[in-house]
Each structure stands twice: as C-alpha cells, then as structure tokens.
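With mmCIF, C-alpha atoms inside, this is protein.cif:
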data_run
#
loop_
_atom_site.group_PDB
_atom_site.id
_atom_site.type_symbol
_atom_site.label_atom_id
_atom_site.label_comp_id
_atom_site.auth_asym_id
_atom_site.auth_seq_id
_atom_site.Cartn_x
_atom_site.Cartn_y
_atom_site.Cartn_z
ATOM 1 C CA ASP A 1 -6.889 -3.816 13.113
ATOM 2 C CA SER A 2 -8.562 -0.754 11.608
ATOM 3 C CA ILE A 3 -6.898 -1.366 8.247
ATOM 4 C CA GLY A 4 -7.438 -5.137 8.197
ATOM 5 C CA GLY A 5 -8.648 -6.026 4.718
ATOM 6 C CA ASP A 6 -8.187 -2.379 3.677
ATOM 7 C CA TRP A 7 -4.442 -2.115 3.082
ATOM 8 C CA GLY A 8 -4.669 0.339 0.211
ATOM 9 C CA GLY A 9 -7.793 2.251 1.311
ATOM 10 C CA LYS A 10 -7.619 4.158 4.604
ATOM 11 C CA PRO A 11 -3.800 4.239 4.669
ATOM 12 C CA LEU A 12 -3.692 5.863 1.217
ATOM 13 C CA VAL A 13 -6.223 8.490 2.325
ATOM 14 C CA ASP A 14 -4.055 9.162 5.404
ATOM 15 C CA LEU A 15 -0.985 9.677 3.198
ATOM 16 C CA GLN A 16 -2.885 11.988 0.858
ATOM 17 C CA LYS A 17 -4.180 14.090 3.748
ATOM 18 C CA GLY A 18 -0.709 14.160 5.321
ATOM 19 C CA LEU A 19 0.905 15.390 2.116
ATOM 20 C CA GLU A 20 -1.819 17.992 1.642
ATOM 21 C CA TYR A 21 -1.113 19.311 5.141
ATOM 22 C CA VAL A 22 2.669 19.344 4.673
ATOM 23 C CA LEU A 23 2.471 21.197 1.358
ATOM 24 C CA ARG A 24 0.082 23.751 2.834
ATOM 25 C CA GLU A 25 2.090 24.367 6.021
ATOM 26 C CA TYR A 26 5.658 24.256 4.650
ATOM 27 C CA PRO A 27 5.883 26.493 1.579
ATOM 28 C CA PHE A 28 9.608 25.823 1.143
ATOM 29 C CA ILE A 29 8.876 22.284 -0.082
ATOM 30 C CA ASP A 30 9.225 22.025 -3.843
ATOM 31 C CA HIS A 31 5.904 20.566 -5.038
ATOM 32 C CA ASP A 32 7.448 19.629 -8.379
ATOM 33 C CA ARG A 33 10.380 17.621 -7.030
ATOM 34 C CA MET A 34 8.936 15.243 -4.454
ATOM 35 C CA GLY A 35 9.758 11.601 -3.971
ATOM 36 C CA ALA A 36 8.463 8.902 -1.659
ATOM 37 C CA LEU A 37 10.017 5.741 -0.332
ATOM 38 C CA GLY A 38 9.002 2.876 1.872
ATOM 39 C CA ALA A 39 10.151 -0.473 3.197
ATOM 40 C CA SER A 40 8.169 -3.571 4.095
ATOM 41 C CA TYR A 41 4.538 -2.396 4.371
ATOM 42 C CA GLY A 42 5.784 1.026 3.269
ATOM 43 C CA GLY A 43 7.246 -0.653 0.184
ATOM 44 C CA TYR A 44 3.872 -2.238 -0.481
ATOM 45 C CA MET A 45 2.290 1.228 -0.200
ATOM 46 C CA ILE A 46 4.826 2.628 -2.679
ATOM 47 C CA ASN A 47 3.731 -0.050 -5.155
ATOM 48 C CA TRP A 48 0.074 0.706 -4.441
ATOM 49 C CA MET A 49 0.714 4.428 -4.871
ATOM 50 C CA ALA A 50 2.472 3.825 -8.207
ATOM 51 C CA GLY A 51 -0.780 2.508 -9.630
ATOM 52 C CA ASN A 52 -3.241 4.644 -7.692
ATOM 53 C CA TRP A 53 -1.638 7.971 -6.723
ATOM 54 C CA ALA A 54 1.664 8.564 -8.491
ATOM 55 C CA GLU A 55 0.860 12.063 -9.811
ATOM 56 C CA PRO A 56 2.532 14.230 -7.182
ATOM 57 C CA PHE A 57 5.808 12.273 -7.153
ATOM 58 C CA ARG A 58 8.793 12.294 -9.478
ATOM 59 C CA CYS A 59 10.317 9.230 -7.861
ATOM 60 C CA LEU A 60 8.931 6.270 -5.911
ATOM 61 C CA VAL A 61 11.322 3.858 -4.176
ATOM 62 C CA ASN A 62 10.212 0.475 -2.871
ATOM 63 C CA HIS A 63 12.510 -1.411 -0.552
ATOM 64 C CA ASP A 64 11.420 -4.893 0.378
ATOM 65 C CA GLY A 65 7.699 -4.381 -0.250
ATOM 66 C CA LEU A 66 5.149 -6.658 -1.876
ATOM 67 C CA PHE A 67 4.276 -6.133 -5.512
ATOM 68 C CA ASP A 68 1.906 -9.102 -5.794
ATOM 69 C CA ILE A 69 -0.054 -9.987 -2.637
ATOM 70 C CA ARG A 70 -0.263 -13.623 -3.713
ATOM 71 C CA MET A 71 3.522 -13.886 -3.446
ATOM 72 C CA MET A 72 3.445 -13.164 0.292
ATOM 73 C CA TYR A 73 2.823 -16.867 0.781
ATOM 74 C CA PHE A 74 6.328 -17.423 -0.615
ATOM 75 C CA ALA A 75 8.012 -14.418 1.008
ATOM 76 C CA SER A 76 6.936 -14.708 4.644
ATOM 77 C CA ASP A 77 7.270 -17.202 7.434
ATOM 78 C CA GLU A 78 4.094 -15.711 8.949
ATOM 79 C CA LEU A 79 1.573 -17.501 6.750
ATOM 80 C CA TRP A 80 -1.195 -16.856 9.246
ATOM 81 C CA PHE A 81 -0.884 -13.085 8.780
ATOM 82 C CA LEU A 82 -2.065 -12.865 5.193
ATOM 83 C CA GLU A 83 -5.096 -15.013 5.918
ATOM 84 C CA TYR A 84 -5.845 -13.017 9.084
ATOM 85 C CA GLU A 85 -5.839 -9.831 6.986
ATOM 86 C CA ASN A 86 -8.293 -11.420 4.545
ATOM 87 C CA GLN A 87 -11.122 -12.550 6.820
ATOM 88 C CA GLY A 88 -9.270 -15.718 7.864
ATOM 89 C CA LYS A 89 -9.460 -17.271 4.407
ATOM 90 C CA PRO A 90 -6.693 -18.512 2.106
ATOM 91 C CA TYR A 91 -6.399 -17.009 -1.373
ATOM 92 C CA PHE A 92 -8.225 -19.832 -3.136
ATOM 93 C CA GLU A 93 -11.284 -19.308 -0.891
ATOM 94 C CA LYS A 94 -11.408 -15.501 -0.907
ATOM 95 C CA SER A 95 -9.419 -14.265 -3.916
ATOM 96 C CA GLU A 96 -11.493 -11.089 -4.347
ATOM 97 C CA SER A 97 -10.394 -9.898 -0.909
ATOM 98 C CA TYR A 98 -6.732 -10.415 -1.785
ATOM 99 C CA GLU A 99 -7.035 -8.814 -5.216
ATOM 100 C CA ARG A 100 -8.866 -5.691 -4.018
ATOM 101 C CA PHE A 101 -5.622 -3.986 -2.953
ATOM 102 C CA ASN A 102 -3.096 -5.974 -4.996
ATOM 103 C CA PRO A 103 -0.624 -3.543 -6.642
ATOM 104 C CA VAL A 104 0.082 -5.927 -9.537
ATOM 105 C CA LYS A 105 -3.413 -5.353 -10.939
ATOM 106 C CA ASP A 106 -2.672 -1.670 -11.579
ATOM 107 C CA VAL A 107 0.430 -2.131 -13.705
#

Let's see the structure in the file written out as structure tokens.
Amino acid sequence: DSIGGDWGGKPLVDLQKGLEYVLREYPFIDHDRMGALGASYGGYMINWMAGNWAEPFRCLVNHDGLFDIRMMYFASDELWFLEYENQGKPYFEKSESYERFNPVKDV
C-alpha cells in the first residue's frame, strides 16, 4: 500500500538508489553498457523510466507492461485494482490521479 497512487514516484527512487549502490559496490559492471527489463508492473516501470530516467541505460525492454494507464481497463480482469490505486475513483472522476504517473504523457 505504500506506493498506492505513487506508482512512478517512490519505486523509481528505490531503483535509482539501488543502481547507485550496485555501481559503487561492483566496479566490474560496465556503466556504459547497462540495460534494464521488466514484466507486468516491471514493464510499466520500464515505460516510466524511458520517459523519466533513461540516461544510464542503453537498452530498455518492456514485457507485458502498461504504456497508457487508461488502457488497463481493457487489459485486466481486475477492474477494481486500478480504481483502488487511484483513491477508489474511476478515471472520469479522478483523471489527474491516473495521469500523474502515466508513461504515455512522457513520449
């Protein structure tokens, strides 16, 4: 629940801090040839990263992740989940909440 309504905020900071740690502690990693990949929510994060934190990566691979949050209504049988993540409101009642971390806006 700590990332409810904050899909691209705290999780992105966690990934940035994790990469910073890994690059500092493992000098054998080639900083200039890194890639990232993710599936499902991880795929969503890859899309979010592409528009908000792509600099350190040469390749980003999304498998099965959302590119446009609004399309989750058509891609999931768990319709309750998207509304739960957005203060219990459907898109047409709380669009700003949905759009805040929508990867499609950063294309």

For the atom pair atom CA of Asp68 of chain A and atom CA of Lys89 of chain A, what is the interatomic distance in Å to one decimal place? 17.3 Å

Option closest in space to Leu82 of chain A, from A:Leu12, A:Gly4, A:Gly42, A:Lys105 [counting all atoms listed in the file]: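 Comparing A:Leu12, A:Gly4, A:Gly42, A:Lys105 against Leu82 of chain A, the winner is A:Gly4.
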
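Pairwise distance (atom CA of Met34 of chain A, atom CA of Arg58 of chain A) equals 5.8 Å.
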
If we draw a sphere of 12 Å around (6.9, -0.6, 2.4), which residues have at least one atom in it when counting only C-alpha atoms? Please report them as a PyMOL selection string. chain A and resi 7-8+11+36-49+60-67

Rank A:His31, A:Lys94, A:Arg70, A:Arg24 by their smallest atom-to-atom distance to Phe57 of chain A, using all atoms listed in the file, and report the top residue only.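 That would be A:His31, the residue with the smallest distance to Phe57 of chain A.
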
Given the PyMOL selection byres ((chain A and resi 83) around 12) and the file above, list the residues it selects as a ChimeraX atom specification. /A:4-5,69-70,72-73,78-82,84-95,97-98

One decimal, in Å: what's the spacing between atom CA of Asp77 of chain A and atom CA of Asp1 of chain A? 20.3 Å

Taking all atoms of segment 35-41 of chain A that the file lists and extending 4 Å past them on each side, where is the centre of the axis-aligned box and how long are its edges? Answer in Å to one decimal, as JSON.
{"center_x": 7.3, "center_y": 4.0, "center_z": 0.2, "size_x": 13.6, "size_y": 23.2, "size_z": 16.3}

Of the listed residues A:Gly18, A:Pro56, A:Gly51, A:Gly9, that which approaches Asp30 of chain A most closely, counting only C-alpha atoms: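 Smallest distance to Asp30 of chain A is found for A:Pro56.
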
Have segment 83-94 of chain A completed to all heavy atoms, please, and pass it along as a compact mmCIF listing (two decimals), in the frame of the given file.
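Saved the output as result.txt:
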# COMPACT_ATOMS: atom_id res chain seq x y z
N GLU A 83 -3.72 -14.51 5.79
CA GLU A 83 -5.10 -15.01 5.92
C GLU A 83 -5.87 -14.22 6.97
O GLU A 83 -7.04 -13.91 6.78
CB GLU A 83 -5.08 -16.50 6.22
CG GLU A 83 -4.56 -17.28 5.03
CD GLU A 83 -4.44 -18.77 5.26
OE1 GLU A 83 -4.84 -19.26 6.35
OE2 GLU A 83 -3.95 -19.45 4.35
N TYR A 84 -5.21 -13.86 8.06
CA TYR A 84 -5.84 -13.02 9.08
C TYR A 84 -6.33 -11.70 8.47
O TYR A 84 -7.44 -11.24 8.75
CB TYR A 84 -4.85 -12.75 10.22
CG TYR A 84 -5.35 -11.78 11.26
CD1 TYR A 84 -6.22 -12.19 12.26
CD2 TYR A 84 -4.95 -10.45 11.24
CE1 TYR A 84 -6.68 -11.30 13.22
CE2 TYR A 84 -5.40 -9.55 12.18
CZ TYR A 84 -6.27 -9.98 13.18
OH TYR A 84 -6.73 -9.09 14.11
N GLU A 85 -5.50 -11.10 7.63
CA GLU A 85 -5.84 -9.83 6.99
C GLU A 85 -6.96 -9.96 5.95
O GLU A 85 -7.51 -8.97 5.50
CB GLU A 85 -4.61 -9.23 6.31
CG GLU A 85 -3.59 -8.69 7.28
CD GLU A 85 -4.13 -7.49 8.05
OE1 GLU A 85 -4.67 -6.56 7.44
OE2 GLU A 85 -4.02 -7.49 9.29
N ASN A 86 -7.28 -11.19 5.57
CA ASN A 86 -8.29 -11.42 4.54
C ASN A 86 -9.41 -12.32 5.08
O ASN A 86 -9.72 -13.35 4.52
CB ASN A 86 -7.65 -12.01 3.29
CG ASN A 86 -6.81 -10.97 2.57
OD1 ASN A 86 -7.34 -10.16 1.83
ND2 ASN A 86 -5.51 -10.99 2.81
N GLN A 87 -9.97 -11.89 6.19
CA GLN A 87 -11.12 -12.55 6.82
C GLN A 87 -10.87 -14.02 7.16
O GLN A 87 -11.78 -14.84 7.16
CB GLN A 87 -12.37 -12.43 5.94
CG GLN A 87 -12.90 -11.03 5.79
CD GLN A 87 -12.17 -10.25 4.70
OE1 GLN A 87 -11.90 -10.78 3.64
NE2 GLN A 87 -11.85 -9.02 4.99
N GLY A 88 -9.60 -14.37 7.44
CA GLY A 88 -9.27 -15.72 7.86
C GLY A 88 -9.32 -16.76 6.77
O GLY A 88 -9.32 -17.96 7.07
N LYS A 89 -9.34 -16.34 5.53
CA LYS A 89 -9.46 -17.27 4.41
C LYS A 89 -8.19 -17.28 3.57
O LYS A 89 -7.57 -16.25 3.34
CB LYS A 89 -10.63 -16.86 3.50
CG LYS A 89 -11.96 -16.76 4.19
CD LYS A 89 -12.47 -18.12 4.56
CE LYS A 89 -13.88 -17.99 5.15
NZ LYS A 89 -14.34 -19.19 5.75
N PRO A 90 -7.81 -18.46 3.05
CA PRO A 90 -6.69 -18.51 2.11
C PRO A 90 -7.11 -17.94 0.75
O PRO A 90 -8.30 -17.78 0.47
CB PRO A 90 -6.38 -20.00 2.00
CG PRO A 90 -7.65 -20.69 2.38
CD PRO A 90 -8.34 -19.77 3.35
N TYR A 91 -6.14 -17.65 -0.08
CA TYR A 91 -6.40 -17.01 -1.37
C TYR A 91 -7.44 -17.76 -2.19
O TYR A 91 -8.36 -17.16 -2.75
CB TYR A 91 -5.10 -16.88 -2.17
CG TYR A 91 -5.30 -16.20 -3.50
CD1 TYR A 91 -5.30 -14.82 -3.58
CD2 TYR A 91 -5.51 -16.93 -4.66
CE1 TYR A 91 -5.51 -14.18 -4.79
CE2 TYR A 91 -5.74 -16.30 -5.87
CZ TYR A 91 -5.73 -14.93 -5.93
OH TYR A 91 -5.95 -14.31 -7.14
N PHE A 92 -7.32 -19.07 -2.27
CA PHE A 92 -8.22 -19.83 -3.14
C PHE A 92 -9.66 -19.84 -2.64
O PHE A 92 -10.58 -20.19 -3.38
CB PHE A 92 -7.73 -21.27 -3.35
CG PHE A 92 -7.62 -22.10 -2.11
CD1 PHE A 92 -8.70 -22.81 -1.62
CD2 PHE A 92 -6.41 -22.17 -1.42
CE1 PHE A 92 -8.60 -23.56 -0.47
CE2 PHE A 92 -6.30 -22.94 -0.27
CZ PHE A 92 -7.41 -23.63 0.21
N GLU A 93 -9.91 -19.41 -1.40
CA GLU A 93 -11.28 -19.31 -0.89
C GLU A 93 -11.83 -17.88 -0.93
O GLU A 93 -13.04 -17.69 -0.85
CB GLU A 93 -11.36 -19.82 0.55
CG GLU A 93 -11.21 -21.31 0.69
CD GLU A 93 -11.33 -21.76 2.13
OE1 GLU A 93 -11.85 -21.00 2.98
OE2 GLU A 93 -10.89 -22.88 2.42
N LYS A 94 -10.96 -16.90 -1.01
CA LYS A 94 -11.41 -15.50 -0.91
C LYS A 94 -10.55 -14.60 -1.80
O LYS A 94 -10.08 -13.54 -1.39
CB LYS A 94 -11.31 -15.07 0.55
CG LYS A 94 -11.96 -13.77 0.92
CD LYS A 94 -13.42 -13.91 1.13
CE LYS A 94 -13.97 -12.64 1.71
NZ LYS A 94 -15.38 -12.56 1.69
